[in-house]
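**Student:** Got a structure for you, my_file.txt, holding compact mmCIF, C-alpha atoms.
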# COMPACT_ATOMS: atom_id res chain seq x y z
CA MET A 1 -21.77 150.35 -3.37
CA ALA A 2 -18.76 152.62 -3.74
CA SER A 3 -17.41 154.46 -0.70
CA THR A 4 -14.52 156.74 0.10
CA THR A 5 -12.62 156.61 3.39
CA PHE A 6 -9.80 158.81 4.60
CA ALA A 7 -7.78 159.48 7.73
CA THR A 8 -8.87 162.32 9.98
CA GLY A 9 -5.28 163.32 10.81
CA ASN A 10 -2.27 163.81 8.60
CA ASN A 11 0.49 161.21 8.35
CA ALA A 12 2.75 162.89 10.89
CA THR A 13 -0.05 163.07 13.46
CA VAL A 14 -0.91 159.38 13.00
CA LYS A 15 2.73 158.39 13.60
CA LEU A 16 2.87 160.47 16.76
CA TRP A 17 -0.28 158.85 18.12
CA ALA A 18 1.10 155.39 17.26
CA LYS A 19 4.25 156.09 19.27
CA LYS A 20 2.23 157.59 22.11
CA LEU A 21 -0.02 154.53 22.26
CA TRP A 22 2.98 152.18 22.43
CA ARG A 23 4.70 154.25 25.10
CA GLU A 24 1.65 154.57 27.31
CA ALA A 25 0.54 150.96 26.86
CA LEU A 26 4.01 149.68 27.71
CA SER A 27 4.29 151.94 30.78
CA GLN A 28 0.97 150.58 32.09
CA THR A 29 1.90 146.98 31.34
CA TYR A 30 2.86 145.21 34.55
CA VAL A 31 5.45 142.97 32.90
CA SER A 32 7.22 145.75 30.99
CA ARG A 33 9.73 146.17 33.83
CA PHE A 34 10.86 142.58 33.20
CA MET A 35 11.29 142.94 29.43
CA GLY A 36 14.42 143.81 27.49
CA THR A 37 16.66 142.73 24.63
CA GLY A 38 19.47 141.50 26.89
CA SER A 39 19.76 137.96 28.25
CA ASP A 40 19.42 139.26 31.84
CA ASN A 41 15.67 139.80 31.53
CA VAL A 42 12.78 137.60 32.57
CA ILE A 43 11.27 138.24 29.12
CA GLN A 44 13.92 138.56 26.45
CA ILE A 45 12.84 140.46 23.34
CA SER A 46 14.25 139.19 20.07
CA GLU A 47 14.84 141.83 17.41
CA ASP A 48 15.45 139.35 14.58
CA LEU A 49 12.12 140.11 12.89
CA SER A 50 12.17 143.87 13.40
CA LYS A 51 14.07 144.33 10.14
CA ASN A 52 13.58 140.95 8.47
CA SER A 53 10.69 138.97 7.03
CA GLY A 54 9.30 135.86 8.70
CA ASP A 55 6.63 134.69 11.09
CA ARG A 56 8.82 133.15 13.80
CA VAL A 57 12.07 133.56 15.69
CA ARG A 58 14.11 130.43 16.36
CA THR A 59 16.47 130.52 19.35
CA THR A 60 19.11 127.92 20.17
CA LEU A 61 20.28 126.59 23.53
CA ARG A 62 23.71 124.95 23.64
CA MET A 63 24.14 122.48 26.49
CA LEU A 64 27.35 122.36 28.49
CA LEU A 65 29.99 119.91 27.29
CA SER A 66 30.05 116.82 29.52
CA GLY A 67 33.17 114.93 28.36
CA ASN A 68 36.27 114.40 30.51
CA GLY A 69 38.82 115.49 27.92
CA ILE A 70 42.12 113.78 27.10
CA SER A 71 45.17 113.90 29.38
CA GLY A 72 48.88 113.66 28.59
CA ASP A 73 49.86 112.46 25.11
CA SER A 74 46.76 110.37 24.61
CA THR A 75 45.18 110.81 21.20
CA LEU A 76 42.52 113.53 21.07
CA GLU A 77 41.54 112.84 17.49
CA GLY A 78 38.53 110.55 17.45
CA ASN A 79 37.61 111.46 21.03
CA GLU A 80 35.94 114.77 20.28
CA GLU A 81 32.56 115.57 21.76
CA ALA A 82 29.55 116.57 19.69
CA LEU A 83 27.76 119.78 20.56
CA ILE A 84 24.22 119.26 21.86
CA THR A 85 21.77 122.03 20.95
CA TYR A 86 18.01 122.52 21.26
CA THR A 87 15.78 125.10 19.61
CA ASP A 88 12.62 127.00 20.50
CA ASP A 89 10.33 128.97 18.18
CA VAL A 90 8.36 132.13 18.97
CA LEU A 91 5.56 132.73 16.48
CA VAL A 92 4.37 136.23 15.62
CA ASP A 93 1.02 137.28 14.18
CA GLN A 94 -0.91 140.48 13.67
CA LEU A 95 -3.37 141.46 16.38
CA ARG A 96 -5.59 144.53 16.09
CA HIS A 97 -8.46 146.11 17.95
CA ALA A 98 -10.64 149.13 17.17
CA VAL A 99 -13.14 151.61 18.58
CA ARG A 100 -15.86 153.29 16.51
CA SER A 101 -18.25 156.09 17.38
CA ALA A 102 -21.96 155.85 16.61
CA GLY A 103 -21.95 159.22 14.87
CA LYS A 104 -21.81 162.97 15.26
CA MET A 105 -25.08 163.16 17.19
CA THR A 106 -23.62 160.81 19.80
CA ASP A 107 -20.51 162.98 19.93
CA GLN A 108 -22.74 166.02 20.46
CA ARG A 109 -24.25 164.49 23.61
CA ILE A 110 -20.95 163.85 25.40
CA SER A 111 -18.32 166.16 26.82
CA PHE A 112 -15.23 164.12 25.94
CA SER A 113 -13.37 163.39 22.73
CA ILE A 114 -14.16 160.05 21.09
CA ARG A 115 -10.68 160.07 19.55
CA GLU A 116 -8.94 160.65 22.89
CA GLU A 117 -11.09 158.12 24.73
CA ALA A 118 -10.43 155.60 21.96
CA ARG A 119 -6.70 156.07 22.46
CA GLN A 120 -6.98 155.61 26.20
CA GLY A 121 -9.26 152.60 25.80
CA LEU A 122 -6.90 150.93 23.36
CA THR A 123 -3.97 151.73 25.65
CA ASP A 124 -5.71 149.95 28.52
CA TRP A 125 -6.65 147.04 26.28
CA TRP A 126 -3.11 146.51 24.99
CA SER A 127 -1.48 146.75 28.42
CA ASP A 128 -4.00 144.20 29.71
CA ARG A 129 -3.38 141.96 26.73
CA MET A 130 0.42 141.81 27.09
CA ASP A 131 0.16 141.07 30.81
CA THR A 132 -2.32 138.30 30.00
CA TRP A 133 0.12 136.87 27.47
CA PHE A 134 2.90 136.53 30.04
CA PHE A 135 0.96 135.05 32.94
CA ASN A 136 -0.98 132.61 30.75
CA GLN A 137 2.20 131.44 29.04
CA VAL A 138 4.50 131.02 32.03
CA GLY A 139 1.67 129.76 34.26
CA GLY A 140 0.78 127.09 31.71
CA VAL A 141 -2.94 127.65 32.18
CA VAL A 142 -4.16 125.06 29.70
CA TYR A 143 -7.71 125.15 31.07
CA ASN A 144 -8.79 128.64 30.01
CA TRP A 145 -7.28 129.57 26.69
CA GLY A 146 -9.59 127.45 24.55
CA GLY A 147 -7.16 127.44 21.64
CA ASP A 148 -7.49 131.22 21.27
CA THR A 149 -3.93 132.41 20.81
CA ARG A 150 -5.04 136.05 20.95
CA LYS A 151 -4.98 135.55 24.73
CA THR A 152 -1.70 133.66 24.79
CA GLY A 153 0.82 135.75 22.89
CA ASN A 154 -0.06 134.28 19.47
CA ASN A 155 1.51 131.01 20.63
CA ALA A 156 0.00 127.83 22.01
CA ILE A 157 0.22 127.20 25.75
CA ALA A 158 2.13 124.25 27.17
CA ALA A 159 1.43 122.82 30.63
CA PRO A 160 4.32 122.96 33.11
CA THR A 161 6.76 120.14 32.40
CA ALA A 162 8.12 117.51 34.77
CA ASN A 163 10.40 118.88 37.50
CA HIS A 164 9.19 122.42 36.73
CA HIS A 165 5.81 122.14 38.44
CA PHE A 166 5.62 121.76 42.21
CA ASN A 167 2.74 121.30 44.64
CA ALA A 168 2.79 122.48 48.21
CA ASN A 169 2.75 119.58 50.66
CA GLY A 170 2.61 121.36 53.97
CA ARG A 171 5.86 123.28 54.35
CA ASN A 172 7.53 121.22 51.65
CA ILE A 173 7.20 121.15 47.88
CA GLU A 174 7.00 118.07 45.70
CA ALA A 175 7.51 117.86 41.96
CA ILE A 176 4.68 116.46 39.89
CA ALA A 177 4.86 114.84 36.50
CA GLY A 178 4.33 117.16 33.58
CA GLY A 179 0.69 117.31 32.59
CA THR A 180 -0.57 115.51 35.73
CA LEU A 181 -2.41 118.61 36.86
CA VAL A 182 -5.25 116.72 38.53
CA THR A 183 -3.09 116.51 41.66
CA GLU A 184 -3.68 120.21 42.21
CA GLY A 185 -7.10 119.21 43.47
CA SER A 186 -5.51 117.50 46.45
CA VAL A 187 -3.62 120.69 47.23
CA GLY A 188 -6.86 122.65 47.47
CA SER A 189 -8.67 120.00 49.50
CA ALA A 190 -6.34 120.55 52.44
CA SER A 191 -6.09 124.30 52.13
CA GLY A 192 -5.11 124.93 55.72
CA SER A 193 -1.88 122.96 55.47
CA ASN A 194 -0.85 123.55 51.85
CA LYS A 195 -0.77 127.33 51.81
CA PHE A 196 2.21 129.40 50.70
CA TYR A 197 5.06 129.38 53.23
CA LEU A 198 8.26 131.39 53.23
CA GLU A 199 10.41 128.25 53.24
CA HIS A 200 8.95 127.29 49.87
CA ILE A 201 11.15 130.02 48.41
CA ASP A 202 14.30 128.38 49.78
CA GLN A 203 13.25 125.07 48.25
CA LEU A 204 12.59 126.64 44.86
CA ILE A 205 16.03 128.27 44.94
CA THR A 206 17.63 124.89 45.61
CA GLN A 207 15.72 123.37 42.72
CA ALA A 208 16.75 126.24 40.43
CA LYS A 209 20.42 125.74 41.26
CA THR A 210 20.43 121.96 40.86
CA ILE A 211 18.15 121.27 37.90
CA THR A 212 19.67 120.67 34.44
CA PRO A 213 19.83 123.06 32.76
CA LEU A 214 19.84 125.30 35.82
CA ILE A 215 17.63 128.36 36.09
CA ARG A 216 20.00 131.26 35.71
CA PRO A 217 19.40 134.24 38.02
CA ILE A 218 19.11 137.78 36.70
CA ARG A 219 22.28 139.83 37.23
CA GLN A 220 21.57 143.40 38.33
CA GLN A 221 24.08 145.90 39.67
CA GLY A 222 26.58 143.15 40.42
CA ASP A 223 24.11 140.95 42.33
CA GLU A 224 21.97 138.00 41.29
CA PHE A 225 18.21 137.72 41.76
CA TYR A 226 15.25 135.55 40.90
CA VAL A 227 11.71 136.95 40.57
CA LEU A 228 8.67 135.35 42.21
CA PHE A 229 5.13 136.37 41.23
CA LEU A 230 2.52 135.71 43.92
CA HIS A 231 -1.26 135.95 43.87
CA PRO A 232 -2.79 138.30 46.49
CA HIS A 233 -4.18 135.23 48.28
CA GLN A 234 -0.67 133.79 48.58
CA VAL A 235 0.65 137.13 49.82
CA GLN A 236 -2.09 137.23 52.45
CA ASP A 237 -1.15 133.77 53.74
CA LEU A 238 2.53 134.72 53.73
CA ARG A 239 1.90 137.81 55.82
CA ARG A 240 -0.36 136.00 58.28
CA GLU A 241 2.10 133.23 59.01
CA ALA A 242 3.32 133.48 62.61
CA THR A 243 4.32 129.95 63.61
CA ALA A 244 6.67 129.92 66.56
CA ASN A 245 10.39 129.30 65.94
CA THR A 246 10.12 129.95 62.19
CA ILE A 247 11.20 132.88 60.06
CA THR A 248 8.17 135.00 59.18
CA TRP A 249 7.50 137.54 56.48
CA TYR A 250 7.98 140.37 58.94
CA ASP A 251 11.43 139.08 59.83
CA THR A 252 12.44 139.41 56.20
CA GLN A 253 11.42 143.06 56.06
CA LYS A 254 14.51 143.98 58.05
CA ALA A 255 16.35 143.55 54.76
CA ARG A 256 13.51 144.45 52.45
CA VAL A 257 13.89 146.13 49.11
CA GLN A 258 10.91 147.99 47.69
CA GLY A 259 10.33 150.10 44.61
CA GLY A 260 12.26 153.35 44.80
CA GLU A 261 15.10 151.97 46.91
CA MET A 262 16.81 150.51 43.83
CA SER A 263 16.55 151.92 40.35
CA ASN A 264 16.33 148.70 38.38
CA GLY A 265 12.94 147.69 37.02
CA ILE A 266 12.70 144.31 38.72
CA PHE A 267 12.54 146.12 42.09
CA THR A 268 9.87 148.61 41.05
CA GLY A 269 6.73 147.89 43.05
CA ALA A 270 8.27 144.85 44.73
CA LEU A 271 6.82 143.53 47.99
CA GLY A 272 10.37 142.92 49.17
CA THR A 273 13.21 140.45 48.78
CA TYR A 274 14.05 137.20 50.49
CA ASN A 275 17.25 135.20 49.96
CA GLY A 276 17.94 136.82 46.62
CA VAL A 277 14.36 136.51 45.35
CA VAL A 278 12.38 139.65 44.47
CA LEU A 279 8.72 139.16 45.38
CA HIS A 280 5.95 140.72 43.30
CA GLU A 281 2.20 140.58 43.78
CA SER A 282 -0.22 140.27 40.86
CA ASN A 283 -3.85 139.24 40.62
CA ARG A 284 -3.01 137.76 37.22
CA VAL A 285 -1.18 134.84 38.80
CA PRO A 286 -3.26 131.95 37.45
CA THR A 287 -5.58 129.54 39.22
CA GLY A 288 -4.85 125.82 39.42
CA ALA A 289 -6.26 123.28 37.00
CA SER A 290 -7.73 119.81 37.00
CA GLY A 291 -7.98 118.71 33.40
CA SER A 292 -10.14 121.32 31.67
CA ALA A 293 -11.57 122.73 34.92
CA THR A 294 -10.20 125.20 37.44
CA VAL A 295 -9.24 124.49 41.03
CA ALA A 296 -10.37 127.76 42.55
CA LYS A 297 -8.59 127.32 45.88
CA VAL A 298 -5.22 126.79 44.19
CA LYS A 299 -2.96 129.57 42.86
CA ARG A 300 0.14 129.05 40.76
CA ALA A 301 3.06 131.17 41.93
CA LEU A 302 5.58 131.82 39.14
CA PHE A 303 9.29 131.54 39.95
CA CYS A 304 11.36 133.05 37.14
CA GLY A 305 14.99 133.49 36.25
CA ALA A 306 16.58 134.97 33.16
CA GLN A 307 14.99 134.19 29.78
CA ALA A 308 11.90 132.56 31.30
CA ALA A 309 9.89 133.88 28.36
CA GLN A 310 10.61 135.22 24.90
CA ALA A 311 8.93 137.94 22.88
CA ALA A 312 9.33 139.08 19.29
CA PHE A 313 7.86 141.88 17.19
CA GLY A 314 7.54 142.26 13.44
CA GLN A 315 8.96 144.89 11.14
CA GLY A 316 8.24 148.40 12.34
CA PHE A 317 6.75 147.35 15.67
CA SER A 318 9.80 147.02 17.94
CA THR A 319 10.92 150.60 17.33
CA GLY A 320 8.54 152.14 19.84
CA ARG A 321 5.21 152.28 18.02
CA MET A 322 2.07 150.41 17.09
CA SER A 323 -0.07 150.84 14.02
CA TRP A 324 -2.62 153.65 14.39
CA THR A 325 -5.32 154.02 11.77
CA GLU A 326 -8.23 156.48 11.69
CA GLU A 327 -11.11 156.20 9.27
CA VAL A 328 -14.48 157.89 8.88
CA PHE A 329 -17.64 156.11 7.80
CA ASP A 330 -21.09 157.04 6.56
CA TYR A 331 -19.96 160.12 4.64
CA GLY A 332 -17.89 161.48 7.52
CA ASN A 333 -20.48 160.92 10.25
CA SER A 334 -18.69 158.22 12.26
CA LEU A 335 -15.03 157.98 13.37
CA GLY A 336 -13.22 154.67 13.78
CA VAL A 337 -9.79 154.18 15.35
CA SER A 338 -7.75 150.96 15.23
CA ALA A 339 -4.44 149.99 16.80
CA GLY A 340 -2.39 146.86 16.31
CA LEU A 341 0.98 145.19 16.14
CA ILE A 342 2.72 142.12 14.81
CA GLY A 343 4.22 140.24 17.73
CA GLY A 344 4.27 137.17 19.92
CA MET A 345 5.28 135.88 23.33
CA LYS A 346 5.79 132.41 24.77
CA LYS A 347 7.31 130.54 27.69
CA ALA A 348 10.83 129.37 26.87
CA GLN A 349 11.08 125.63 26.29
CA TYR A 350 13.99 123.53 25.02
CA ASN A 351 14.05 119.78 24.47
CA SER A 352 10.35 119.68 25.45
CA ALA A 353 11.11 121.08 28.91
CA ASP A 354 10.44 124.46 30.50
CA PHE A 355 13.46 126.74 30.69
CA GLY A 356 13.91 129.53 33.20
CA SER A 357 10.73 129.10 35.23
CA PHE A 358 8.91 127.03 37.87
CA VAL A 359 5.26 126.87 38.86
CA LEU A 360 4.36 126.35 42.52
CA SER A 361 0.74 125.45 43.28
CA THR A 362 -0.44 126.37 46.77
CA SER A 363 -3.85 126.57 48.38
CA TRP A 364 -5.61 129.57 49.84
CA THR A 365 -6.84 129.36 53.42
CA GLY A 366 -9.78 131.68 52.81
CA ALA A 367 -10.74 135.24 53.68
Output the file's structure in the form of structure tokens.

**Tutor:**
Amino acid sequence: MASTTFATGNNATVKLWAKKLWREALSQTYVSRFMGTGSDNVIQISEDLSKNSGDRVRTTLRMLLSGNGISGDSTLEGNEEALITYTDDVLVDQLRHAVRSAGKMTDQRISFSIREEARQGLTDWWSDRMDTWFFNQVGGVVYNWGGDTRKTGNNAIAAPTANHHFNANGRNIEAIAGGTLVTEGSVGSASGSNKFYLEHIDQLITQAKTITPLIRPIRQQGDEFYVLFLHPHQVQDLRREATANTITWYDTQKARVQGGEMSNGIFTGALGTYNGVVLHESNRVPTGASGSATVAKVKRALFCGAQAAQAAFGQGFSTGRMSWTEEVFDYGNSLGVSAGLIGGMKKAQYNSADFGSFVLSTSWTGA
């Protein structure tokens, strides 16, 4: 059966709505404040595909030279050191979603515009989707993605690697072997003693500064910061802690930094800072895992430095717009609106190891 479809708005209008959708979706996205093209961002956006063909961006990490060099008149020739480099790929794919009205009689019964509500609905959906990409990727939540890369930034998820995943053991943290996530069950079984403590932050900082390659802090306004994402349950335990002769959350508020006190995005909406770490609260911080099952009492705090994740967008989609398509069906009776982009996001990994991030699994003490 032959049919004719056409856009309800002219080309200029469609482009304006595409830009508006991108702008509003990005402003509602929680992680947008941590995204940028520079290397001093938690999520670094690659622009390589914005003007070129391809379905992936390959980034290279060069390790520091480790040789001792040659002193005096000793011969340098033949004693050179080979560069050691590792690569990481970010895949991009097209992802679209759409809203369609039932017909003009349905439109007659309601007081709002289907077109406008479709735009707002797609805005909410895209902001939710990009936040989901980040927390699933960096959290390494292998239990809930089911191979569906639409939920994981169009890239497969990798579990936290060795020396990048820590479990709370009382007031201390201990590294677990990559992939041995079953041990998170033991964290949740003793929830009263393995909750999130302030001193865990100090221990994560030490790990970040001593691991190879180190986790580089984000440089902002001449200072250096890490970013820590906490689940509301972890924040609750942090605020309730009042053990005698220990530094508490309320002690740290004497030097707190909250959104509005500094202009940079990483401080917007922050709970505060502690020892050069900006603390953020998000209910998207993932739950712990035991094989293919969840450990409900365990939450995975995400400790991030620069370039913890990478994002890339295809041609025409990193310039401030998404695709916006309007079509009518059934001889003009029903309006459909779709929005999409070509893009991808993944946790940074080089030489089969996480780069720029830690996961800390702690228990929740309850309501």

**Student:** Restricting the calculation to only C-alpha atoms, which member of A:Gln207, A:Ser66, A:Asn136, A:Gln120 is positioned closest to His164 (chain A)?

**Tutor:**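 Distance minimum relative to His164 (chain A) lands on A:Gln207.
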
**Student:** I'd like the neighbourhood of region 233-244 of chain A as a ChimeraX atom specification, where a residue qualifies if any of its atoms comes within 6 Å (using only C-alpha atoms), though same-chain residues fewer than 2 positions away should be ignored.

**Tutor:** /A:196-197,230-231,246,249

**Student:** What is the CA of Pro160 (chain A) to CA of Phe229 (chain A) distance in Å?

**Tutor:**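 Result for CA of Pro160 (chain A) versus CA of Phe229 (chain A): 15.7 Å, one decimal.
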
**Student:** Just checking: using all atoms listed in the file, which residue out of A:Asn79, A:Gln315, A:Ser101, A:Ser74 ends up closest to Asp330 (chain A)?

**Tutor:**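 The shortest atom-to-atom distance to Asp330 (chain A) comes from A:Ser101.
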
**Student:** I need the residue nearest Gly276 (chain A) from this list: A:Asp40, A:Asp202, A:Gln310, A:Gly316. Use only C-alpha atoms for the distance.

**Tutor:**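 Among the listed residues, the smallest separation from Gly276 (chain A) belongs to A:Asp202.
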
**Student:** Please identify all polymer residues within 8 Å of Glu184 (chain A), counting only C-alpha atoms, omitting same-chain residues fewer than 6 positions from it, and present them as a PDB file with C-alpha atoms, in the coordinates of the input.

**Tutor:**
ATOM      1  CA  ASN A 167       2.740 121.300  44.640  1.00  0.00           C
ATOM      2  CA  GLY A 288      -4.850 125.820  39.420  1.00  0.00           C
ATOM      3  CA  ALA A 289      -6.260 123.280  37.000  1.00  0.00           C
ATOM      4  CA  SER A 290      -7.730 119.810  37.000  1.00  0.00           C
ATOM      5  CA  VAL A 295      -9.240 124.490  41.030  1.00  0.00           C
ATOM      6  CA  VAL A 298      -5.220 126.790  44.190  1.00  0.00           C
ATOM      7  CA  SER A 361       0.740 125.450  43.280  1.00  0.00           C
TER       8      SER A 361
END

**Student:** What does region 162-172 of chain A look like written to a file with all heavy atoms, as an mmCIF file, in the first residue's frame?

**Tutor:**
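And here is the file that came out, selection_36.cif:
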data_model
loop_
_atom_site.group_PDB
_atom_site.id
_atom_site.type_symbol
_atom_site.label_atom_id
_atom_site.label_comp_id
_atom_site.auth_asym_id
_atom_site.auth_seq_id
_atom_site.Cartn_x
_atom_site.Cartn_y
_atom_site.Cartn_z
ATOM 1 N N ALA A 162 41.393 -5.396 38.983
ATOM 2 C CA ALA A 162 42.182 -5.553 40.198
ATOM 3 C C ALA A 162 42.833 -4.233 40.591
ATOM 4 O O ALA A 162 43.294 -3.474 39.736
ATOM 5 C CB ALA A 162 43.253 -6.621 39.988
ATOM 6 N N ASN A 163 42.833 -3.966 41.892
ATOM 7 C CA ASN A 163 43.405 -2.741 42.471
ATOM 8 C C ASN A 163 42.621 -1.482 42.113
ATOM 9 O O ASN A 163 43.076 -0.370 42.386
ATOM 10 C CB ASN A 163 44.874 -2.562 42.059
ATOM 11 C CG ASN A 163 45.744 -3.709 42.525
ATOM 12 O OD1 ASN A 163 45.587 -4.188 43.650
ATOM 13 N ND2 ASN A 163 46.644 -4.163 41.674
ATOM 14 N N HIS A 164 41.446 -1.659 41.506
ATOM 15 C CA HIS A 164 40.549 -0.526 41.252
ATOM 16 C C HIS A 164 39.188 -0.750 41.894
ATOM 17 O O HIS A 164 38.308 0.091 41.756
ATOM 18 C CB HIS A 164 40.388 -0.292 39.747
ATOM 19 C CG HIS A 164 41.603 0.312 39.108
ATOM 20 N ND1 HIS A 164 41.723 1.666 38.865
ATOM 21 C CD2 HIS A 164 42.759 -0.247 38.688
ATOM 22 C CE1 HIS A 164 42.897 1.906 38.308
ATOM 23 N NE2 HIS A 164 43.544 0.762 38.187
ATOM 24 N N HIS A 165 39.015 -1.863 42.562
ATOM 25 C CA HIS A 165 37.780 -2.164 43.267
ATOM 26 C C HIS A 165 38.128 -2.484 44.711
ATOM 27 O O HIS A 165 38.936 -3.365 44.990
ATOM 28 C CB HIS A 165 37.061 -3.342 42.625
ATOM 29 C CG HIS A 165 35.690 -3.578 43.181
ATOM 30 N ND1 HIS A 165 34.913 -4.649 42.836
ATOM 31 C CD2 HIS A 165 34.949 -2.862 44.070
ATOM 32 C CE1 HIS A 165 33.757 -4.594 43.473
ATOM 33 N NE2 HIS A 165 33.766 -3.522 44.236
ATOM 34 N N PHE A 166 37.504 -1.734 45.624
ATOM 35 C CA PHE A 166 37.777 -1.898 47.050
ATOM 36 C C PHE A 166 36.486 -2.215 47.788
ATOM 37 O O PHE A 166 35.408 -1.739 47.428
ATOM 38 C CB PHE A 166 38.400 -0.620 47.636
ATOM 39 C CG PHE A 166 39.709 -0.244 47.012
ATOM 40 C CD1 PHE A 166 39.753 0.576 45.894
ATOM 41 C CD2 PHE A 166 40.907 -0.722 47.528
ATOM 42 C CE1 PHE A 166 40.954 0.923 45.307
ATOM 43 C CE2 PHE A 166 42.119 -0.387 46.941
ATOM 44 C CZ PHE A 166 42.146 0.438 45.835
ATOM 45 N N ASN A 167 36.617 -3.036 48.837
ATOM 46 C CA ASN A 167 35.521 -3.304 49.756
ATOM 47 C C ASN A 167 35.812 -2.642 51.089
ATOM 48 O O ASN A 167 36.970 -2.591 51.531
ATOM 49 C CB ASN A 167 35.353 -4.805 49.985
ATOM 50 C CG ASN A 167 34.549 -5.468 48.880
ATOM 51 O OD1 ASN A 167 33.818 -4.807 48.158
ATOM 52 N ND2 ASN A 167 34.689 -6.772 48.753
ATOM 53 N N ALA A 168 34.765 -2.155 51.720
ATOM 54 C CA ALA A 168 34.923 -1.637 53.076
ATOM 55 C C ALA A 168 35.112 -2.801 54.037
ATOM 56 O O ALA A 168 34.368 -3.777 54.011
ATOM 57 C CB ALA A 168 33.696 -0.821 53.471
ATOM 58 N N ASN A 169 36.122 -2.684 54.883
ATOM 59 C CA ASN A 169 36.366 -3.653 55.950
ATOM 60 C C ASN A 169 36.475 -2.858 57.236
ATOM 61 O O ASN A 169 37.552 -2.478 57.668
ATOM 62 C CB ASN A 169 37.633 -4.448 55.678
ATOM 63 C CG ASN A 169 37.878 -5.521 56.718
ATOM 64 O OD1 ASN A 169 37.039 -5.736 57.598
ATOM 65 N ND2 ASN A 169 39.014 -6.192 56.631
ATOM 66 N N GLY A 170 35.313 -2.549 57.817
ATOM 67 C CA GLY A 170 35.297 -1.624 58.939
ATOM 68 C C GLY A 170 35.678 -0.241 58.451
ATOM 69 O O GLY A 170 35.170 0.258 57.442
ATOM 70 N N ARG A 171 36.628 0.377 59.115
ATOM 71 C CA ARG A 171 37.087 1.711 58.728
ATOM 72 C C ARG A 171 38.212 1.665 57.703
ATOM 73 O O ARG A 171 38.740 2.705 57.318
ATOM 74 C CB ARG A 171 37.535 2.491 59.972
ATOM 75 C CG ARG A 171 36.374 2.832 60.912
ATOM 76 C CD ARG A 171 36.850 3.648 62.113
ATOM 77 N NE ARG A 171 35.736 3.998 62.971
ATOM 78 C CZ ARG A 171 34.977 5.081 62.832
ATOM 79 N NH1 ARG A 171 35.230 5.924 61.858
ATOM 80 N NH2 ARG A 171 33.975 5.313 63.654
ATOM 81 N N ASN A 172 38.559 0.490 57.249
ATOM 82 C CA ASN A 172 39.610 0.339 56.255
ATOM 83 C C ASN A 172 39.010 -0.134 54.940
ATOM 84 O O ASN A 172 37.860 -0.582 54.876
ATOM 85 C CB ASN A 172 40.672 -0.657 56.733
ATOM 86 C CG ASN A 172 41.375 -0.179 57.983
ATOM 87 O OD1 ASN A 172 41.795 0.970 58.073
ATOM 88 N ND2 ASN A 172 41.496 -1.062 58.976
#
